[in-house]
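The file model.tsv comes next; it holds TSV, C-alpha atoms.
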chain	number	residue	atom	x	y	z
A	212	MET	CA	-1.68	-22.13	20.18
A	213	LYS	CA	-0.83	-25.80	19.61
A	214	THR	CA	-1.01	-25.23	15.84
A	215	ILE	CA	1.34	-22.24	15.99
A	216	ILE	CA	3.82	-24.15	18.14
A	217	THR	CA	3.71	-27.03	15.69
A	218	ILE	CA	4.36	-24.71	12.76
A	219	CYS	CA	7.19	-22.94	14.61
A	220	PHE	CA	8.84	-26.29	15.35
A	221	GLY	CA	8.44	-27.35	11.72
A	222	VAL	CA	9.89	-24.07	10.45
A	223	ALA	CA	12.91	-24.45	12.71
A	224	LEU	CA	13.50	-27.97	11.44
A	225	GLY	CA	13.09	-26.83	7.86
A	226	LEU	CA	15.59	-24.03	8.28
A	227	LEU	CA	18.11	-26.30	10.00
A	228	SER	CA	17.84	-28.95	7.34
A	229	GLY	CA	17.76	-26.52	4.40
A	230	CYS	CA	14.45	-27.91	3.17
A	231	SER	CA	12.26	-25.68	1.02
A	232	THR	CA	8.98	-27.24	2.12
A	233	LEU	CA	7.54	-28.59	5.32
A	234	HIS	CA	4.49	-30.62	6.24
A	235	LYS	CA	2.07	-30.32	9.10
A	236	GLN	CA	-0.09	-33.37	9.54
A	237	SER	CA	-3.53	-32.87	11.07
A	238	SER	CA	-6.91	-34.54	10.86
A	239	GLY	CA	-7.38	-32.75	7.54
A	240	ALA	CA	-3.88	-33.67	6.34
A	241	THR	CA	-3.15	-30.01	5.52
A	242	LEU	CA	0.02	-29.33	3.57
A	243	TYR	CA	1.95	-26.22	4.57
A	244	THR	CA	4.62	-24.86	2.27
A	245	TYR	CA	7.58	-22.68	3.27
A	246	ALA	CA	8.63	-20.06	0.72
A	247	ASN	CA	10.18	-16.60	0.99
A	248	GLY	CA	9.78	-16.50	4.75
A	249	PHE	CA	6.12	-17.48	4.78
A	250	VAL	CA	4.14	-20.58	5.57
A	251	THR	CA	1.13	-21.06	3.31
A	252	ASP	CA	-1.51	-23.76	3.17
A	253	ARG	CA	-2.79	-25.78	0.21
A	254	ASP	CA	-4.93	-22.86	-0.99
A	255	ASN	CA	-2.00	-20.43	-0.82
A	256	LYS	CA	-3.49	-18.80	2.27
A	257	ILE	CA	-0.93	-17.32	4.60
A	258	VAL	CA	-0.62	-19.22	7.87
A	259	ALA	CA	2.45	-17.60	9.38
A	260	HIS	CA	5.44	-15.38	8.70
A	261	TYR	CA	8.75	-15.73	10.47
A	262	ALA	CA	11.21	-13.43	8.69
A	263	ASN	CA	10.64	-10.83	11.44
A	264	GLY	CA	9.05	-13.18	13.96
A	265	PHE	CA	5.55	-14.58	13.78
A	266	VAL	CA	2.72	-12.15	13.27
A	267	THR	CA	0.33	-12.58	16.17
A	268	LYS	CA	-3.33	-11.77	16.36
A	269	ASN	CA	-3.96	-8.46	18.11
A	270	ALA	CA	-6.28	-9.04	21.05
A	271	ASP	CA	-7.77	-5.55	21.18
A	272	ILE	CA	-7.39	-4.00	17.75
A	273	SER	CA	-10.43	-1.73	18.13
A	274	ARG	CA	-8.67	0.41	20.76
A	275	GLN	CA	-5.40	0.97	18.95
A	276	LYS	CA	-4.56	3.88	16.65
A	277	HIS	CA	-0.92	2.97	15.97
A	278	ILE	CA	-0.44	-0.73	15.23
A	279	ARG	CA	3.05	-2.16	14.83
A	280	ILE	CA	2.99	-5.37	12.81
A	281	ASN	CA	6.77	-5.74	12.88
A	282	SER	CA	9.90	-3.62	12.46
A	283	ASP	CA	9.19	-3.05	8.75
A	284	LEU	CA	5.40	-2.65	8.70
A	285	GLU	CA	2.97	-0.54	10.71
A	286	LEU	CA	-0.57	0.80	10.51
A	287	PHE	CA	-2.21	4.04	11.60
A	288	ARG	CA	-5.97	4.18	12.03
A	289	LEU	CA	-7.25	7.32	10.29
A	290	THR	CA	-10.95	6.53	10.75
A	291	SER	CA	-12.94	3.51	11.88
A	292	ASN	CA	-12.44	1.76	8.54
A	293	CYS	CA	-9.52	3.59	6.87
A	294	PHE	CA	-5.91	2.77	7.70
A	295	LEU	CA	-2.64	4.30	6.57
A	296	TYR	CA	0.15	1.74	6.38
A	297	THR	CA	3.87	2.44	6.26
A	298	ALA	CA	6.28	-0.19	4.94
A	299	TRP	CA	10.02	0.29	5.42
A	300	ALA	CA	12.57	-0.88	2.86
A	301	ASP	CA	16.11	-0.21	1.68
A	302	MET	CA	15.81	2.09	-1.36
A	303	GLY	CA	19.42	2.03	-2.51
A	304	ARG	CA	21.11	5.44	-2.50
A	305	TRP	CA	18.06	6.91	-0.79
A	306	GLY	CA	18.61	4.69	2.24
A	307	ARG	CA	15.92	3.09	4.39
A	308	ILE	CA	12.64	4.71	3.39
A	309	GLY	CA	9.10	4.35	4.69
A	310	SER	CA	6.45	4.25	1.95
A	311	ASN	CA	2.77	4.93	2.64
A	312	GLY	CA	-0.39	3.30	1.34
A	313	LEU	CA	-4.04	3.10	2.34
A	314	VAL	CA	-6.36	0.27	3.27
A	315	VAL	CA	-10.14	0.76	3.26
A	316	VAL	CA	-12.05	-1.99	5.08
A	317	LYS	CA	-15.78	-2.66	5.15
A	318	ASN	CA	-17.99	-5.72	5.62
A	319	GLY	CA	-15.12	-8.18	5.51
A	320	LYS	CA	-13.59	-6.76	2.32
A	321	ALA	CA	-10.59	-4.52	1.81
A	322	LEU	CA	-9.29	-2.19	-0.90
A	323	LEU	CA	-5.52	-1.62	-0.96
A	324	ILE	CA	-4.00	1.55	-2.43
A	325	ASP	CA	-0.31	1.01	-3.25
A	326	THR	CA	1.66	-2.04	-2.19
A	327	PRO	CA	4.96	-2.05	-0.31
A	328	VAL	CA	8.17	-2.46	-2.28
A	329	HIS	CA	8.59	-6.09	-1.26
A	330	GLU	CA	6.07	-8.75	-2.19
A	331	SER	CA	6.59	-10.40	1.19
A	332	GLN	CA	5.30	-7.26	2.94
A	333	THR	CA	2.19	-7.26	0.76
A	334	VAL	CA	1.52	-10.88	1.71
A	335	GLU	CA	2.09	-10.10	5.36
A	336	LEU	CA	-0.27	-7.12	5.26
A	337	ALA	CA	-2.95	-9.29	3.62
A	338	TRP	CA	-2.42	-11.96	6.28
A	339	TRP	CA	-2.71	-9.40	9.09
A	340	LEU	CA	-5.96	-7.95	7.67
A	341	ASP	CA	-7.38	-11.45	7.39
A	342	LYS	CA	-6.45	-12.50	10.92
A	343	ASN	CA	-7.11	-9.25	12.79
A	344	LEU	CA	-9.95	-7.59	10.89
A	345	ASP	CA	-11.45	-10.66	9.21
A	346	ALA	CA	-11.10	-8.75	5.93
A	347	LYS	CA	-10.03	-10.22	2.61
A	348	LEU	CA	-8.23	-8.11	0.02
A	349	GLU	CA	-10.76	-7.70	-2.79
A	350	SER	CA	-9.29	-4.88	-4.90
A	351	PHE	CA	-6.09	-2.92	-5.45
A	352	VAL	CA	-5.02	0.34	-7.13
A	353	PRO	CA	-1.45	1.64	-7.53
A	354	GLY	CA	-0.80	5.38	-7.37
A	355	HIS	CA	1.83	5.14	-10.12
A	356	TRP	CA	4.17	2.61	-11.70
A	357	HIS	CA	7.16	2.69	-9.30
A	358	ASP	CA	7.99	-0.34	-7.17
A	359	ASP	CA	6.89	1.38	-3.94
A	360	CYS	CA	3.38	1.24	-5.43
A	361	VAL	CA	3.34	-2.02	-7.41
A	362	GLY	CA	5.92	-4.27	-5.72
A	363	GLY	CA	3.25	-6.75	-4.63
A	364	MET	CA	0.89	-6.55	-7.60
A	365	ALA	CA	2.04	-9.81	-9.21
A	366	TRP	CA	1.12	-11.66	-5.99
A	367	LEU	CA	-2.25	-9.90	-5.86
A	368	ASN	CA	-2.97	-10.90	-9.46
A	369	ARG	CA	-2.00	-14.51	-8.74
A	370	ASN	CA	-4.30	-14.57	-5.75
A	371	HIS	CA	-7.41	-13.32	-7.54
A	372	VAL	CA	-7.48	-9.77	-6.18
A	373	GLN	CA	-9.13	-7.41	-8.68
A	374	THR	CA	-6.46	-4.92	-9.74
A	375	TYR	CA	-7.06	-1.54	-11.41
A	376	ALA	CA	-4.64	1.07	-12.73
A	377	ASN	CA	-4.61	4.27	-14.68
A	378	ILE	CA	-4.15	3.42	-18.34
A	379	ARG	CA	-0.88	5.39	-18.38
A	380	THR	CA	0.40	3.26	-15.49
A	381	ASN	CA	-0.42	0.01	-17.28
A	382	GLN	CA	1.21	1.30	-20.46
A	383	LEU	CA	4.41	2.19	-18.58
A	384	LEU	CA	4.46	-1.17	-16.79
A	385	ALA	CA	3.98	-2.98	-20.13
A	386	SER	CA	6.79	-1.00	-21.76
A	387	LYS	CA	9.14	-2.13	-19.01
A	388	GLY	CA	8.04	-5.76	-19.00
A	389	LEU	CA	6.46	-5.45	-15.55
A	390	GLU	CA	3.25	-6.86	-14.12
A	391	GLN	CA	0.15	-4.91	-15.14
A	392	ALA	CA	-3.18	-4.41	-13.42
A	393	LYS	CA	-6.06	-6.45	-14.80
A	394	GLU	CA	-8.17	-3.41	-15.66
A	395	SER	CA	-7.40	0.14	-16.77
A	396	PHE	CA	-9.20	3.46	-16.45
A	397	SER	CA	-8.50	6.74	-18.18
A	398	ASP	CA	-9.30	9.82	-16.11
A	399	SER	CA	-11.46	8.67	-13.20
A	400	LEU	CA	-13.09	5.63	-11.66
A	401	THR	CA	-15.17	5.09	-8.52
A	402	LEU	CA	-14.85	1.84	-6.58
A	403	LYS	CA	-16.93	0.75	-3.61
A	404	VAL	CA	-15.91	-0.97	-0.40
A	405	GLY	CA	-19.24	-1.81	1.17
A	406	ASN	CA	-21.06	1.53	1.08
A	407	THR	CA	-17.83	3.58	1.04
A	408	ASP	CA	-17.01	5.29	-2.28
A	409	VAL	CA	-13.34	5.47	-3.25
A	410	GLU	CA	-12.66	7.81	-6.18
A	411	LEU	CA	-9.59	7.52	-8.41
A	412	HIS	CA	-8.55	10.62	-10.36
A	413	TYR	CA	-5.83	11.40	-12.88
A	414	LEU	CA	-5.27	15.17	-12.78
A	415	GLY	CA	-1.92	15.44	-14.54
A	416	GLY	CA	1.72	14.53	-14.18
A	417	GLY	CA	3.87	15.17	-11.13
A	418	HIS	CA	6.33	12.83	-9.43
A	419	SER	CA	5.59	10.57	-12.42
A	420	ILE	CA	3.62	11.19	-15.58
A	421	ASP	CA	0.97	8.64	-14.59
A	422	ASN	CA	0.39	9.46	-10.90
A	423	ILE	CA	-3.19	9.55	-9.62
A	424	VAL	CA	-4.84	10.75	-6.43
A	425	VAL	CA	-7.39	8.82	-4.41
A	426	TRP	CA	-10.33	10.58	-2.72
A	427	ILE	CA	-12.61	9.11	-0.06
A	428	PRO	CA	-15.39	11.73	0.10
A	429	SER	CA	-17.23	10.39	3.15
A	430	LYS	CA	-14.02	10.58	5.21
A	431	LYS	CA	-12.51	13.68	3.54
A	432	ILE	CA	-9.29	11.68	3.02
A	433	LEU	CA	-7.06	12.42	0.04
A	434	PHE	CA	-4.19	10.10	-0.85
A	435	GLY	CA	-1.73	12.20	-2.84
A	436	GLY	CA	1.02	9.60	-3.03
A	437	CYS	CA	4.54	10.60	-4.05
A	438	MET	CA	3.24	13.66	-5.88
A	439	VAL	CA	2.63	15.29	-2.46
A	440	LYS	CA	5.49	16.03	-0.08
A	441	ALA	CA	5.36	15.67	3.71
A	442	MET	CA	5.97	18.77	5.82
A	443	ASN	CA	9.43	17.60	6.85
A	444	ALA	CA	10.52	17.18	3.21
A	445	THR	CA	13.10	19.76	2.18
A	446	THR	CA	13.81	18.64	-1.39
A	447	ILE	CA	11.75	17.45	-4.31
A	448	GLY	CA	13.29	13.99	-4.17
A	449	ASN	CA	13.57	11.59	-7.09
A	450	THR	CA	12.67	13.33	-10.37
A	451	THR	CA	14.02	10.67	-12.75
A	452	ASP	CA	10.55	9.92	-14.12
A	453	ALA	CA	8.85	13.19	-13.19
A	454	ALA	CA	6.70	15.36	-15.39
A	455	PRO	CA	8.05	18.84	-16.14
A	456	LEU	CA	8.01	20.83	-12.90
A	457	SER	CA	5.66	23.41	-14.43
A	458	GLU	CA	3.13	20.61	-15.03
A	459	TRP	CA	3.65	19.20	-11.54
A	460	ILE	CA	2.78	22.48	-9.87
A	461	GLU	CA	-0.30	22.91	-12.08
A	462	THR	CA	-1.44	19.42	-11.08
A	463	ILE	CA	-1.15	20.36	-7.40
A	464	LYS	CA	-3.28	23.43	-8.07
A	465	ARG	CA	-5.94	21.24	-9.73
A	466	ILE	CA	-5.92	19.01	-6.64
A	467	GLU	CA	-6.48	22.05	-4.42
A	468	ASP	CA	-9.37	23.22	-6.59
A	469	LYS	CA	-11.02	19.81	-6.85
A	470	PHE	CA	-10.79	18.81	-3.19
A	471	PRO	CA	-11.24	21.98	-1.09
A	472	ASP	CA	-12.86	19.93	1.71
A	473	ALA	CA	-9.90	17.57	2.23
A	474	LYS	CA	-9.17	17.13	5.94
A	475	ILE	CA	-6.52	14.40	5.86
A	476	ILE	CA	-3.90	14.36	3.10
A	477	VAL	CA	-1.52	11.39	2.86
A	478	PRO	CA	1.82	11.77	1.05
A	479	GLY	CA	3.74	8.86	-0.44
A	480	HIS	CA	6.43	9.20	2.24
A	481	GLY	CA	6.37	10.82	5.64
A	482	GLU	CA	3.62	11.95	7.99
A	483	TYR	CA	0.11	12.77	6.87
A	484	GLY	CA	-1.40	16.20	7.48
A	485	GLY	CA	-3.89	18.66	6.03
A	486	LYS	CA	-3.97	21.08	3.11
A	487	GLU	CA	-0.71	22.61	4.28
A	488	LEU	CA	1.00	19.67	2.52
A	489	LEU	CA	-0.20	20.97	-0.84
A	490	GLU	CA	1.14	24.46	-0.13
A	491	HIS	CA	4.42	22.96	1.03
A	492	THR	CA	4.68	20.84	-2.13
A	493	LYS	CA	4.16	23.90	-4.33
A	494	LYS	CA	6.87	25.76	-2.43
A	495	ILE	CA	9.35	22.91	-2.84
A	496	ILE	CA	8.67	22.80	-6.59
A	497	GLN	CA	9.00	26.58	-6.87
A	498	ASP	CA	12.29	26.49	-4.96
A	499	GLU	CA	13.52	23.78	-7.32
A	500	THR	CA	12.67	25.80	-10.42
A	501	SER	CA	14.35	28.91	-9.06
A	502	ASP	CA	17.71	27.16	-8.43
Taking this structure as input, can you express it in the form of structure tokens?
Amino acid sequence: MKTIITICFGVALGLLSGCSTLHKQSSGATLYTYANGFVTDRDNKIVAHYANGFVTKNADISRQKHIRINSDLELFRLTSNCFLYTAWADMGRWGRIGSNGLVVVKNGKALLIDTPVHESQTVELAWWLDKNLDAKLESFVPGHWHDDCVGGMAWLNRNHVQTYANIRTNQLLASKGLEQAKESFSDSLTLKVGNTDVELHYLGGGHSIDNIVVWIPSKKILFGGCMVKAMNATTIGNTTDAAPLSEWIETIKRIEDKFPDAKIIVPGHGEYGGKELLEHTKKIIQDETSD
């Protein structure tokens, strides 16, 4: 508590004086640096965040299903070691939108699927996992190339997280001069978090031509990303970079065929559900093509 108070006092002084860095002297002479609303130590490890108030350690995380980190970031426990996160951001003409991602945690390590739009939210999520679950981000996979999937990837690369992406995603990122994942895969790849398999599959174009789905077989969880629409969605949404709608609907059918045992399906935006989300997505696409 004394350390947090000291940091808070230093942050306040830094903000009042307009300084870009601050120092906290201790027996170890640790240097803390203020940047983009965060306080980091000498090893670039997050110590505190104050853009939305300090993140505090949750005293009883094991009993909570819905965890509110702050007004722009929240977690939902899907299983004992799988979390859905929602990060809220201003998406221009689309307004304030919540974007979903997954975190799989096991044995002190974590795999992140999609980052929030803002790098600061990615850092804050990593800090929260470290402080509350004692889990370090080890690996990352984006569902496709849009900024609600890769907004924090540059920070992850800088901080030695192993990043993977579909080869089509890396090619699109490269063509636009954006940060790429360190490694590429073509059609499928299986990663492990402890003894939990996480399968990555490219089954065809949809919301974007590079979008993948993520399957966690032991939990029967399918992350469909922006290719899958939530039940409250009434329109197809942003199709600027979409595959032809005929291909999109065929991709959804392949998903249905490949994962008949899916119990939890997570869309890129909105509430998760079951296989009814796939039927709903097909209907929305069909309605779009009939207009």
What's around Asn292 (chain A) at 9 Å? Count all atoms listed in the file, leave out sequence neighbours fewer than 3 positions away in its own chain, and write the answer as a list of chain:residue names.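 Selected residues are A:Arg288, A:Leu289, A:Val314, A:Val315, A:Val316, A:Lys317.
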If I take CA of Tyr413 (chain A) and CA of Asp398 (chain A), how far is one from the other in Å, to one decimal? 5.0 Å
Pick the closest to Ala453 (chain A) from A:Phe434, A:Trp356, A:Trp426, A:Glu487: which is it, counting all atoms listed in the file? A:Trp356
Choose the residue, out of A:Thr451, A:Thr492, A:Thr297, A:Thr326, that has the smallest atom-to-atom separation from His277 (chain A); count all atoms listed in the file. A:Thr297
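Coordinates place CA of Phe294 (chain A) at a distance of 25.7 Å from CA of Asn381 (chain A).
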For a quick check of understanding, using all atoms listed in the file, which of A:Arg304, A:Arg369, A:Lys342, A:Arg379 has the smallest distance to Gly319 (chain A)?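 Going through A:Arg304, A:Arg369, A:Lys342, A:Arg379 one by one, the smallest distance to Gly319 (chain A) is for A:Lys342.
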Residue among A:Glu335, A:Asp358, A:Glu285, A:Glu458 lying closest to Cys437 (chain A), counting all atoms listed in the file: A:Asp358
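Nearest to Phe396 (chain A) of all the residues A:Val409, A:Val352, A:Leu286, A:Leu383 is A:Val352, based on only C-alpha atoms.
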Nearest to His357 (chain A), chosen from A:Gln332, A:Asn377, A:Asn422, A:Asn406, with all atoms listed in the file counted in the distances: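 Residue with the minimum atom-to-atom distance to His357 (chain A): A:Asn422.
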Rounded to one decimal in Å, what is the spacing between CA of Ala454 (chain A) and CA of Trp366 (chain A)? 29.1 Å
Distance query Thr446 (chain A) at most 9 Å, all atoms listed in the file, self and fewer than 2 positions along chain excluded, as a ChimeraX atom specification: /A:440,444,448,495-496,498-499
Near Pro455 (chain A), counting all atoms listed in the file, which residues have an atom at most 10 Å away, once you skip same-chain residues fewer than 2 positions from it, shown as a PyMOL selection string? chain A and resi 416-420+450+452-453+457-460
